[in-house]
Amino acid sequence: MLTVSNYHYIRENYNHKYPSIFGVTPTQFENQIRLLKNLGNFVKITDFLDHTEDIIASKENFYLITFDDGLNEQYQYAVPIMEDLEVDGLFFINTINHEEQKVSTVHKIHLLRSIIDPKEMMNKILESHEFDYSQKEKETAHNIYRFDNHESAEVKYFLNFLMPYVEKEKVVNMLFHQYFDEKNTAGEFYMSKNQIRELSKKKYIGNHTHSHKPLGLFEKNVIEYELSHSKLFLEEITGTNVDIVSYPYGTLSACTPTVQEKSKETGHKIGFTAIKGINKNANNLFALNRFDCNDLIGGKNYQNGN
Ligand SMILES: [Zn+2]
């Protein structure tokens, strides 16, 4: 069986003006890897690629760590710890960050929310997107994001659930350009092509699609483009095959059977979701489960008996 722990941000501190970026510190990361090492064996990526089914169907406890979004801080902080502890990992890259030097919408939102007061942010969004936010919807927002204050919860719920994706992209883009230089931000925020090449020598690189869209919400031609364009781009810059994809957002609606089919058609061999669970059954390699690192031992949401 295979347990996968997935990471996003990994930085020394999360002291932003407004809380919007969450993740682990390098120390927390290292502690978690040590704890997981006590529970089973970390798979080597080459073994994982060659014997995926056997590893999943095995009675032994195998572990794998993955990183979404190709962040520079993952390279800076996680890679040296992985080298020290002799643990492999997979890094899933979006190619819009490199090919067009653009920041993914999901990160634009995190960055904006880290510097703008949530109430002000909500007002700015409503200025360009007319919407009547009902009390009932606000209450749902407070319930879903119960760890956030009410204002933050309302902005998050609005962006994530109430606003159509394409509309959201437009508004977020417009706001982002008022506060950030996109090219510079992309250059600092994501790994460099050289760093990607370094990791690819160890087979650590996977595809996270071109522009980090929730693929399941889009037409087939968009899904196909998002998957194949980035696969080719990554293969070109690294000179290696890129056979594994992690679906952006990774929820059920983001990685529908059509998305999984298209992944296969575009030449991928394995697909990772963000749906919680241990992989014990190798029937569908395009819907492998992953835990958010917070939900596993050493993580902040972990409770014994989980
Ligand atoms: Zn992602």
# chains A, B, ... in the order shown; residues from 1 in each chain; ligands from 1
>>> residues_near_ligand(ligand="ligand 1", cutoff="9 Å", atoms="only C-alpha atoms and all ligand atoms", output="ChimeraX atom specification")
/A:8,67-70,92-94,104,106,208,212-213,246-250
>>> closest_atom_pairs(of="region 202-232 of chain A", to="region 264-281 of chain A", cutoff="8 Å", atoms="only C-alpha atoms", output="tab-separated table")
residue	atom	partner	partner_atom	distance
A:Glu224	CA	A:Thr266	CA	7.2
A:Leu227	CA	A:Thr266	CA	6.9
A:Ser228	CA	A:Thr266	CA	5.7
>>> write_last_selection(atoms="N, CA and C atoms", output="PDB file, in the first residue's frame")
ATOM      1  N   GLU A 224      -7.348  18.892 -22.765  1.00  0.00           N
ATOM      2  CA  GLU A 224      -6.277  18.267 -23.531  1.00  0.00           C
ATOM      3  C   GLU A 224      -5.082  19.205 -23.682  1.00  0.00           C
ATOM      4  N   LEU A 227      -3.094  19.631 -20.416  1.00  0.00           N
ATOM      5  CA  LEU A 227      -2.278  18.463 -20.060  1.00  0.00           C
ATOM      6  C   LEU A 227      -1.105  18.260 -21.012  1.00  0.00           C
ATOM      7  N   SER A 228      -1.374  18.400 -22.309  1.00  0.00           N
ATOM      8  CA  SER A 228      -0.330  18.031 -23.268  1.00  0.00           C
ATOM      9  C   SER A 228       0.688  19.143 -23.462  1.00  0.00           C
TER      10      SER A 228
END
>>> select_by_dssp(residues="region 26-238 of chain A", states="helix (DSSP H, G or I)", output="PyMOL selection string")
chain A and resi 26-39+45-50+52-57+72-85+96-99+105-115+118-128+135-144+150-162+165-179+182-189+193-200+215-217+220-238
>>> closest_atom_pairs(of="region 53-150 of chain A", to="region 168-188 of chain A", cutoff="8 Å", atoms="only C-alpha atoms", output="Markdown table")
| residue | atom | partner | partner_atom | distance |
| --- | --- | --- | --- | --- |
| A:Asn72 | CA | A:Glu188 | CA | 7.0 |
| A:Asn97 | CA | A:Ala186 | CA | 6.2 |
| A:His98 | CA | A:Ala186 | CA | 8.0 |
| A:Gln101 | CA | A:Lys183 | CA | 5.4 |
| A:Lys102 | CA | A:Ala186 | CA | 5.8 |
| A:Val103 | CA | A:Ala186 | CA | 5.3 |
| A:Thr105 | CA | A:Glu169 | CA | 6.3 |
| A:Lys108 | CA | A:Phe176 | CA | 6.4 |
| A:Ile109 | CA | A:Val172 | CA | 6.7 |
| A:Leu112 | CA | A:Phe176 | CA | 6.6 |
| A:Ile125 | CA | A:Val171 | CA | 6.6 |
| A:Ser128 | CA | A:Val171 | CA | 7.0 |
| A:His129 | CA | A:Val171 | CA | 7.8 |
>>> write_last_selection(atoms="N, CA and C atoms", output="short mmCIF file (atom, residue, chain, number, x, y, z; two decimals), in the first residue's frame")
data_model
loop_
_atom_site.label_atom_id
_atom_site.label_comp_id
_atom_site.auth_asym_id
_atom_site.auth_seq_id
_atom_site.Cartn_x
_atom_site.Cartn_y
_atom_site.Cartn_z
N ASN A 72 9.63 27.92 -5.58
CA ASN A 72 11.05 28.08 -5.29
C ASN A 72 11.39 27.62 -3.87
N ASN A 97 4.05 29.48 -15.62
CA ASN A 97 4.97 30.25 -14.78
C ASN A 97 6.32 30.45 -15.48
N HIS A 98 6.67 29.52 -16.34
CA HIS A 98 7.98 29.57 -17.00
C HIS A 98 7.88 30.06 -18.43
N GLN A 101 6.00 33.50 -17.94
CA GLN A 101 6.39 34.24 -16.72
C GLN A 101 5.17 34.84 -16.02
N LYS A 102 4.12 34.02 -15.94
CA LYS A 102 2.91 34.47 -15.26
C LYS A 102 2.75 33.76 -13.92
N VAL A 103 2.04 34.40 -13.03
CA VAL A 103 1.73 33.81 -11.73
C VAL A 103 0.37 33.12 -11.84
N THR A 105 -3.34 31.86 -11.05
CA THR A 105 -4.42 32.57 -10.36
C THR A 105 -4.50 32.21 -8.88
N LYS A 108 -1.97 34.19 -7.16
CA LYS A 108 -2.31 35.63 -7.18
C LYS A 108 -3.27 35.92 -6.03
N ILE A 109 -4.22 35.02 -5.84
CA ILE A 109 -5.20 35.22 -4.76
C ILE A 109 -4.50 35.17 -3.41
N LEU A 112 -2.43 38.41 -3.01
CA LEU A 112 -3.29 39.59 -2.79
C LEU A 112 -3.86 39.58 -1.38
N ILE A 125 -13.53 43.46 -5.32
CA ILE A 125 -14.04 42.44 -6.24
C ILE A 125 -15.45 42.82 -6.68
N SER A 128 -16.09 45.33 -9.54
CA SER A 128 -16.02 44.94 -10.95
C SER A 128 -16.90 43.74 -11.26
N HIS A 129 -17.50 43.17 -10.25
CA HIS A 129 -18.36 42.01 -10.50
C HIS A 129 -19.59 42.14 -9.62
#
>>> atom_distance(atom1="CA of Pro118 (chain A)", atom2="CA of Phe218 (chain A)")
28.9 Å
>>> residues_around(residues="region 282-285 of chain A", least_positions_apart="6", cutoff="12 Å", atoms="only C-alpha atoms", output="PyMOL selection string")
chain A and resi 1-2+48-49+51-58+243-246+257+260-261+263-264+268-273
